[in-house]
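Working notes for the structure below.
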Amino acid sequence: MITKPMRETECDAIVIGGGPAGSTTAALLAERGRRVVVLEKSRFPRYHVGESLMPYCWYTFDRLGVVEKMAEHAFVEKHSVQFVTTDGRVSAPFYFFQHHEHPSSTTWQVWRSEFDQMLLDNAQDKGAEVRLMTTAKSLITEGGRVVGVEAEDCDGRYMLRAPVTVDASGRDALALNRRGWRRRDPVLNKVSMWTYYKGALRDPGLDAGATTVAYLPEKGWFWYIPLRGDVVSVGVVAERDYVYREGVKDPARIFAREIERNMWIKEHLAPGRQFGRYYATAEFSYRGQHCAADGLVLVGDAFAFLDPVFSSGVFLALKSGELAAGAIDAALGKGDVSAGCFNDYGRTLCGGIEAMRKLVYAFYDRQFSFGKVIKQHPQVRGDLTDCLIGDLFRDFDELFAAVGEFAELPRPLAHGEPAVGGGVT
Ligand SMILES: Cc1cc2nc3c(=O)[nH]c(=O)nc-3n(C[C@H](O)[C@H](O)[C@H](O)COP(=O)(O)OP(=O)(O)OC[C@H]3O[C@@H](n4cnc5c(N)ncnc54)[C@H](O)[C@@H]3O)c2cc1C
């Protein structure tokens, strides 16, 4: 990728972070003729976790014009998800095409380094200026309004000004951390540890690219995500006390111990060889107090992250980028980028996140199973599937009334709206 170190001092929108959320926002604004500068602290391509996509990502790919590029990358095709009990019993795979016969029903297991590079290149092709190895150090505020960013690259620090700044800095969450806006989920408190295997087993035929969710005791679980190059991404998600019990801290020992607790995982990994390092996260579920302020909009993980279980992270990053770009373009057109312009953005995004959050809570409820809900209320199967493929942004009252009979569901969080009337200092 060619970067332009030109030191422009003014543009229409500054995007902090070149992950899926930032690239999507930048591409769609640039396409509308807005002058966009993306600041990305890393050298691309760079490693990132989060390889399994949700079917409805397709619609944002289509909007971005990258569906063909996705096919060219020859990522592993994902047609289904399956669930496996601790003793190795596999549920009937849930095939997306059985619910929604549409190109989106084939999604992908991606190498994020390549995928994120492709999306960032696309933003650049559409006219966004991408500045790699450039870190946003702080937001510049004047009179309570964000008016730009103080950036740093190898030549030192400089100011960049724009009527609107988009925080797409992922879990670094620049604005949430600097403003004290990060609110942990009151109940979700999982940690994760993961690594990669070469030569591990793949199921035959259509199932070769399936995401497998393999249960551990106490509602922990493994993910098993087949990637291109005979590699499988394998991770453990569970509560901290479970993962680090009996004082064991060494990831290799923890992994070896947990593999023994799921027969399917044990059998599938047996012919494989672990390579590279082990990765770990601390508790990861949070949402921002605000999704926007005067001159500032938060997208993707920079605003909220739920849980990896239904692979909603990249989808919500793409979708929030798409929604934000529309709202920002309209706001720039009116010459008013105050927080109130992002009310609909916040309402829509939080509505979708809340639907997914209810499913995540249900998943972790020890008594719960989706099978029980469908058996009792077969009419909600379609709605449940819609949520799980990412068709999230509508009313699911009937579904959650049914799910609520089997699991304790959370009330919507009160926070996440724009900071109307100030909030940024
Ligand atoms: C354990 C785990 C497993 C997951 N598995 C999945 C999965 O299977 N499927 C899925 O869909 N999602 C998954 N996710 C979530 C997924 O990784 C994220 O939701 C997704 O990457 C969010 O995209 P983003 O663009 O918001 O942020 P990111 O992809 O994190 O991009 C943010 C970018 O901002 C840059 N940046 C940060 N700070 C600055 C700064 N100050 N200045 C300039 N640049 C900056 C970073 O370098 C980075 O490139 C998982 C998450 C975890 C924790």
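Residues in the structure tokens are numbered from 1 in each chain, the chains being A, B, ... in the order shown, and ligands are numbered from 1 in the order shown.
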
Give me the segment 315-340 of chain A side of the contact with segment 60-67 of chain A, cut-off 10 Å, one line per residue showing its nearest atom pair and distance in Å at one decimal, counting only C-alpha atoms, sorted by chain and residue number, as a tab-separated table.
```
residue	atom	partner	partner_atom	distance
A:Phe315	CA	A:Thr60	CA	8.6
A:Leu318	CA	A:Thr60	CA	6.5
A:Lys319	CA	A:Thr60	CA	6.7
A:Gly321	CA	A:Thr60	CA	9.2
A:Glu322	CA	A:Thr60	CA	7.2
```

Generate the output file for the selected residues, C-alpha atoms, as a tab-separated table (two decimals), in the first residue's frame.
```tsv
chain	number	residue	atom	x	y	z
A	315	PHE	CA	-20.45	-7.65	11.48
A	318	LEU	CA	-18.96	-3.10	9.40
A	319	LYS	CA	-22.58	-2.21	10.08
A	321	GLY	CA	-19.32	1.99	9.94
A	322	GLU	CA	-22.02	1.91	7.30
```

Which of segment 168-352 of chain A fall in strand (DSSP E), as a short mmCIF file (atom, residue, chain, number, x, y, z; two decimals) with N, CA and C atoms, in the first residue's frame:
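File produced: selection.cif:
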```
data_model
loop_
_atom_site.label_atom_id
_atom_site.label_comp_id
_atom_site.auth_asym_id
_atom_site.auth_seq_id
_atom_site.Cartn_x
_atom_site.Cartn_y
_atom_site.Cartn_z
N ARG A 182 -16.02 4.04 29.30
CA ARG A 182 -16.14 2.59 29.12
C ARG A 182 -16.96 2.01 30.28
N ARG A 183 -18.08 1.34 29.95
CA ARG A 183 -18.93 0.72 30.96
C ARG A 183 -18.91 -0.78 30.73
N ARG A 184 -18.41 -1.51 31.71
CA ARG A 184 -18.38 -2.97 31.55
C ARG A 184 -19.78 -3.53 31.61
N LYS A 190 -16.42 -12.74 30.63
CA LYS A 190 -15.57 -13.84 30.15
C LYS A 190 -14.17 -13.33 29.79
N VAL A 191 -13.24 -14.28 29.79
CA VAL A 191 -11.89 -14.01 29.28
C VAL A 191 -11.65 -15.01 28.15
N SER A 192 -10.60 -14.82 27.40
CA SER A 192 -10.35 -15.74 26.31
C SER A 192 -8.85 -16.01 26.15
N MET A 193 -8.57 -17.19 25.60
CA MET A 193 -7.19 -17.59 25.32
C MET A 193 -7.24 -18.38 24.02
N TRP A 194 -6.32 -18.12 23.10
CA TRP A 194 -6.42 -18.82 21.82
C TRP A 194 -5.05 -19.00 21.18
N THR A 195 -5.02 -19.93 20.20
CA THR A 195 -3.81 -20.19 19.46
C THR A 195 -4.16 -20.83 18.10
N TYR A 196 -3.17 -21.35 17.38
CA TYR A 196 -3.40 -21.88 16.02
C TYR A 196 -2.76 -23.26 15.89
N TYR A 197 -3.43 -24.12 15.11
CA TYR A 197 -2.94 -25.47 14.84
C TYR A 197 -2.82 -25.68 13.34
N LYS A 198 -1.84 -26.43 12.96
CA LYS A 198 -1.72 -26.84 11.56
C LYS A 198 -1.98 -28.34 11.50
N THR A 211 -17.97 -23.19 11.59
CA THR A 211 -17.52 -22.80 12.91
C THR A 211 -18.10 -23.81 13.90
N THR A 212 -17.24 -24.34 14.76
CA THR A 212 -17.74 -25.25 15.79
C THR A 212 -17.61 -24.57 17.15
N VAL A 213 -18.72 -24.59 17.89
CA VAL A 213 -18.74 -24.11 19.28
C VAL A 213 -18.81 -25.37 20.14
N ALA A 214 -17.73 -25.69 20.83
CA ALA A 214 -17.64 -26.94 21.59
C ALA A 214 -17.64 -26.61 23.08
N TYR A 215 -18.61 -27.15 23.78
CA TYR A 215 -18.82 -26.75 25.18
C TYR A 215 -17.76 -27.29 26.13
N LEU A 216 -17.49 -26.46 27.13
CA LEU A 216 -16.71 -26.86 28.29
C LEU A 216 -17.64 -26.79 29.49
N GLY A 220 -18.40 -22.61 29.65
CA GLY A 220 -17.27 -22.17 28.85
C GLY A 220 -17.37 -22.87 27.49
N TRP A 221 -16.55 -22.49 26.56
CA TRP A 221 -16.61 -23.14 25.25
C TRP A 221 -15.31 -22.91 24.48
N PHE A 222 -15.12 -23.80 23.49
CA PHE A 222 -14.03 -23.65 22.54
C PHE A 222 -14.59 -23.12 21.23
N TRP A 223 -13.83 -22.27 20.52
CA TRP A 223 -14.16 -22.08 19.11
C TRP A 223 -13.15 -22.88 18.28
N TYR A 224 -13.61 -23.35 17.14
CA TYR A 224 -12.77 -24.12 16.21
C TYR A 224 -13.09 -23.57 14.84
N ILE A 225 -12.16 -22.78 14.30
CA ILE A 225 -12.41 -22.05 13.05
C ILE A 225 -11.37 -22.46 12.02
N PRO A 226 -11.78 -23.22 10.98
CA PRO A 226 -10.82 -23.65 9.95
C PRO A 226 -10.45 -22.48 9.04
N LEU A 227 -9.16 -22.27 8.84
CA LEU A 227 -8.67 -21.18 7.99
C LEU A 227 -7.93 -21.75 6.79
N VAL A 231 -4.82 -24.41 8.46
CA VAL A 231 -4.67 -23.87 9.81
C VAL A 231 -6.05 -23.81 10.47
N VAL A 232 -6.08 -24.06 11.77
CA VAL A 232 -7.32 -23.90 12.53
C VAL A 232 -7.05 -22.93 13.67
N SER A 233 -7.96 -21.97 13.84
CA SER A 233 -7.90 -21.07 14.98
C SER A 233 -8.72 -21.72 16.10
N VAL A 234 -8.11 -21.88 17.27
CA VAL A 234 -8.79 -22.55 18.38
C VAL A 234 -8.70 -21.67 19.62
N GLY A 235 -9.83 -21.42 20.24
CA GLY A 235 -9.80 -20.57 21.42
C GLY A 235 -10.73 -21.06 22.51
N VAL A 236 -10.39 -20.69 23.74
CA VAL A 236 -11.22 -21.01 24.90
C VAL A 236 -11.83 -19.72 25.41
N VAL A 237 -13.14 -19.74 25.69
CA VAL A 237 -13.81 -18.59 26.31
C VAL A 237 -14.49 -19.10 27.57
N ALA A 238 -14.23 -18.47 28.68
CA ALA A 238 -14.86 -18.89 29.95
C ALA A 238 -14.60 -17.80 30.99
N GLU A 239 -15.15 -18.02 32.19
CA GLU A 239 -14.89 -17.03 33.24
C GLU A 239 -13.45 -17.16 33.72
N ARG A 273 -0.65 -29.87 14.92
CA ARG A 273 0.51 -29.38 15.67
C ARG A 273 0.27 -27.91 15.99
N GLN A 274 0.34 -27.58 17.28
CA GLN A 274 0.16 -26.18 17.68
C GLN A 274 1.39 -25.40 17.23
N PHE A 275 1.17 -24.18 16.73
CA PHE A 275 2.34 -23.37 16.36
C PHE A 275 2.11 -21.92 16.76
N GLY A 276 3.21 -21.19 16.85
CA GLY A 276 3.12 -19.77 17.20
C GLY A 276 2.77 -19.59 18.67
N ARG A 277 2.39 -18.40 19.01
CA ARG A 277 2.18 -18.09 20.41
C ARG A 277 0.74 -18.35 20.85
N TYR A 278 0.53 -18.29 22.15
CA TYR A 278 -0.82 -18.28 22.71
C TYR A 278 -1.18 -16.82 22.99
N TYR A 279 -2.43 -16.48 22.75
CA TYR A 279 -2.90 -15.11 23.00
C TYR A 279 -3.93 -15.16 24.13
N ALA A 280 -4.07 -14.04 24.84
CA ALA A 280 -5.10 -14.00 25.91
C ALA A 280 -5.69 -12.61 26.00
N THR A 281 -6.95 -12.54 26.38
CA THR A 281 -7.56 -11.24 26.69
C THR A 281 -8.06 -11.26 28.12
N TYR A 286 -18.14 -4.72 26.98
CA TYR A 286 -18.37 -3.34 27.43
C TYR A 286 -19.19 -2.59 26.39
N ARG A 287 -19.71 -1.45 26.81
CA ARG A 287 -20.32 -0.51 25.86
C ARG A 287 -20.00 0.90 26.35
N GLY A 288 -19.88 1.83 25.42
CA GLY A 288 -19.58 3.20 25.79
C GLY A 288 -20.77 3.90 26.45
N ALA A 292 -21.54 9.06 20.59
CA ALA A 292 -21.18 10.25 19.81
C ALA A 292 -21.17 11.45 20.74
N ALA A 293 -20.53 12.51 20.28
CA ALA A 293 -20.56 13.80 20.98
C ALA A 293 -20.46 14.85 19.88
N LEU A 296 -17.84 14.13 17.12
CA LEU A 296 -17.20 12.82 17.39
C LEU A 296 -18.23 11.69 17.25
N VAL A 297 -17.83 10.62 16.56
CA VAL A 297 -18.70 9.44 16.43
C VAL A 297 -17.85 8.20 16.71
N LEU A 298 -18.41 7.25 17.47
CA LEU A 298 -17.69 6.02 17.80
C LEU A 298 -18.27 4.86 17.00
N ALA A 304 -18.39 -0.52 21.38
CA ALA A 304 -18.92 -1.64 22.18
C ALA A 304 -18.36 -2.96 21.69
N PHE A 305 -18.19 -3.89 22.62
CA PHE A 305 -17.92 -5.28 22.25
C PHE A 305 -18.67 -6.19 23.20
#
```

Separation of atom 8 (O, counted along the ligand's line) of ligand 1 and atom CA of Leu53 of chain A, in Å?
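Straight-line distance from atom 8 (O, counted along the ligand's line) of ligand 1 to atom CA of Leu53 of chain A works out to 6.5 Å.
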
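The space separating atom CA of Leu174 of chain A from atom 22 (C, counted along the ligand's line) of ligand 1 comes to 13.8 Å.
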
For each of A:Ser105, A:Thr9, A:Gln98, A:Ser320, take the minimum atom-to-atom distance to Gly351 of chain A, counting only C-alpha atoms, then give the residue where this is smallest.
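Selected residue with least distance to Gly351 of chain A: A:Ser320.
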
What does the structure give for the distance between atom CA of Pro20 of chain A and atom CA of Cys350 of chain A, in Å to one decimal?
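Separating atom CA of Pro20 of chain A from atom CA of Cys350 of chain A is a distance of 18.5 Å.
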
Which of A:Gly180, A:Gly170, A:Gly340, A:Pro163 sits closest to Asp301 of chain A [using only C-alpha atoms]:
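The closest residue to Asp301 of chain A is A:Gly170.
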
Just list the residues in segment 198-414 of chain A DSSP gives helix (DSSP H, G or I) on the backbone, as a VMD selection string.
chain A and resid 205 to 209 217 to 219 240 to 243 245 to 247 251 to 259 263 to 269 300 to 302 313 to 334 339 to 364 370 to 376 378 to 389 397 to 403

So, with only C-alpha atoms and all ligand atoms as the atoms that count, which of A:Ala252, A:Ile389, A:Ala401, A:Val147 lies closest to ligand 1?
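Among the listed residues, A:Ile389 lies closest to ligand 1.
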
Find the residues near Asp336 of chain A: any atom within 12 Å, counting only C-alpha atoms, skip ones fewer than 6 places away on the same chain, and give them as a PyMOL selection string.
chain A and resi 145+163-164+293-296+327-330+342

Write the residues of the selection above to a file with C-alpha atoms, as a compact mmCIF listing (two decimals), in the first residue's frame.
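Generated output (part.txt):
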```txt
# COMPACT_ATOMS: atom_id res chain seq x y z
CA ARG A 145 -16.61 20.11 20.62
CA PRO A 163 -15.51 18.97 11.63
CA VAL A 164 -15.94 15.31 12.55
CA ALA A 293 -20.56 13.80 20.98
CA ASP A 294 -20.27 17.12 19.19
CA GLY A 295 -17.85 16.43 16.33
CA LEU A 296 -17.20 12.82 17.39
CA ALA A 327 -25.27 9.91 9.42
CA ILE A 328 -21.95 11.79 9.12
CA ASP A 329 -22.46 12.57 5.46
CA ALA A 330 -25.92 13.97 6.19
CA PHE A 342 -26.34 10.88 15.74
```

Residue contacts of Ser52 of chain A (10 Å, only C-alpha atoms) excluding same-chain residues fewer than 2 positions away, as a ChimeraX atom specification
/A:49-50,54-55,76-78,107-112,209-211,223-227,233,308,310-315

Selected residues, C-alpha atoms, written as a JSON list (two decimals), in the first residue's frame, please.
```json
[["chain", "number", "residue", "atom", "x", "y", "z"],
["A", 49, "VAL", "CA", -8.20, -12.02, 16.12],
["A", 50, "GLY", "CA", -11.80, -12.41, 14.92],
["A", 54, "MET", "CA", -21.54, -13.63, 9.98],
["A", 55, "PRO", "CA", -23.65, -14.06, 6.81],
["A", 76, "VAL", "CA", -12.42, -20.78, 3.62],
["A", 77, "GLU", "CA", -16.17, -20.76, 2.95],
["A", 78, "LYS", "CA", -18.38, -20.98, 6.01],
["A", 107, "THR", "CA", -19.76, -16.42, 4.40],
["A", 108, "TRP", "CA", -16.06, -16.79, 5.22],
["A", 109, "GLN", "CA", -13.40, -17.66, 7.77],
["A", 110, "VAL", "CA", -10.82, -14.98, 7.06],
["A", 111, "TRP", "CA", -7.22, -14.27, 7.81],
["A", 112, "ARG", "CA", -7.77, -10.86, 9.37],
["A", 209, "GLY", "CA", -15.44, -24.60, 6.92],
["A", 210, "ALA", "CA", -18.03, -24.72, 9.71],
["A", 211, "THR", "CA", -17.52, -22.80, 12.91],
["A", 223, "TRP", "CA", -14.16, -22.08, 19.11],
["A", 224, "TYR", "CA", -12.77, -24.12, 16.21],
["A", 225, "ILE", "CA", -12.41, -22.05, 13.05],
["A", 226, "PRO", "CA", -10.82, -23.65, 9.95],
["A", 227, "LEU", "CA", -8.67, -21.18, 7.99],
["A", 233, "SER", "CA", -7.90, -21.07, 14.98],
["A", 308, "PRO", "CA", -17.18, -13.78, 20.40],
["A", 310, "PHE", "CA", -21.98, -15.66, 17.67],
["A", 311, "SER", "CA", -19.20, -14.01, 15.63],
["A", 312, "SER", "CA", -20.99, -10.66, 15.70],
["A", 313, "GLY", "CA", -17.89, -8.44, 16.20],
["A", 314, "VAL", "CA", -16.82, -7.85, 12.60],
["A", 315, "PHE", "CA", -20.45, -7.65, 11.48]]
```

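The nearest approach to ligand 1 among the residues A:Gly300, A:Gly144, A:Gly272, A:Pro103, with only C-alpha atoms and all ligand atoms taken into account, belongs to A:Gly300.
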
Pick the closest to ligand 1 from A:Asp230, A:Glu408, A:Asp121, A:Glu152: which is it, counting only C-alpha atoms and all ligand atoms?
A:Glu152

Can you pull out every residue within 7 Å of Ser80 of chain A, counting only C-alpha atoms, but drop anything in the same chain fewer than 3 positions away, and send it as a PyMOL selection string?
chain A and resi 93-96+207+210-211

Got time to write the residues from that selection, N, CA and C atoms, as a PDB file, in the first residue's frame?
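What landed in part.pdb:
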```
ATOM      1  N   PRO A  93     -25.648 -29.634  11.934  1.00  0.00           N
ATOM      2  CA  PRO A  93     -25.130 -28.306  11.574  1.00  0.00           C
ATOM      3  C   PRO A  93     -26.273 -27.391  11.145  1.00  0.00           C
ATOM      4  N   PHE A  94     -26.159 -26.156  11.512  1.00  0.00           N
ATOM      5  CA  PHE A  94     -27.161 -25.180  11.085  1.00  0.00           C
ATOM      6  C   PHE A  94     -26.624 -24.517   9.810  1.00  0.00           C
ATOM      7  N   TYR A  95     -27.242 -24.877   8.653  1.00  0.00           N
ATOM      8  CA  TYR A  95     -26.790 -24.336   7.369  1.00  0.00           C
ATOM      9  C   TYR A  95     -27.529 -23.039   7.068  1.00  0.00           C
ATOM     10  N   PHE A  96     -26.781 -21.986   6.788  1.00  0.00           N
ATOM     11  CA  PHE A  96     -27.403 -20.665   6.556  1.00  0.00           C
ATOM     12  C   PHE A  96     -28.325 -20.686   5.342  1.00  0.00           C
ATOM     13  N   ASP A 207     -19.171 -29.103   5.454  1.00  0.00           N
ATOM     14  CA  ASP A 207     -18.876 -28.804   6.864  1.00  0.00           C
ATOM     15  C   ASP A 207     -17.403 -28.454   7.106  1.00  0.00           C
ATOM     16  N   ALA A 210     -17.062 -25.093   8.657  1.00  0.00           N
ATOM     17  CA  ALA A 210     -18.026 -24.718   9.711  1.00  0.00           C
ATOM     18  C   ALA A 210     -17.313 -24.128  10.921  1.00  0.00           C
ATOM     19  N   THR A 211     -17.972 -23.190  11.589  1.00  0.00           N
ATOM     20  CA  THR A 211     -17.517 -22.802  12.914  1.00  0.00           C
ATOM     21  C   THR A 211     -18.097 -23.806  13.902  1.00  0.00           C
TER      22      THR A 211
END
```

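Of the residues listed (A:Gly22, A:Gly333, A:Gly88, A:Gly229), A:Gly22 shows the shortest atom-to-atom separation from ligand 1; distances use only C-alpha atoms and all ligand atoms.
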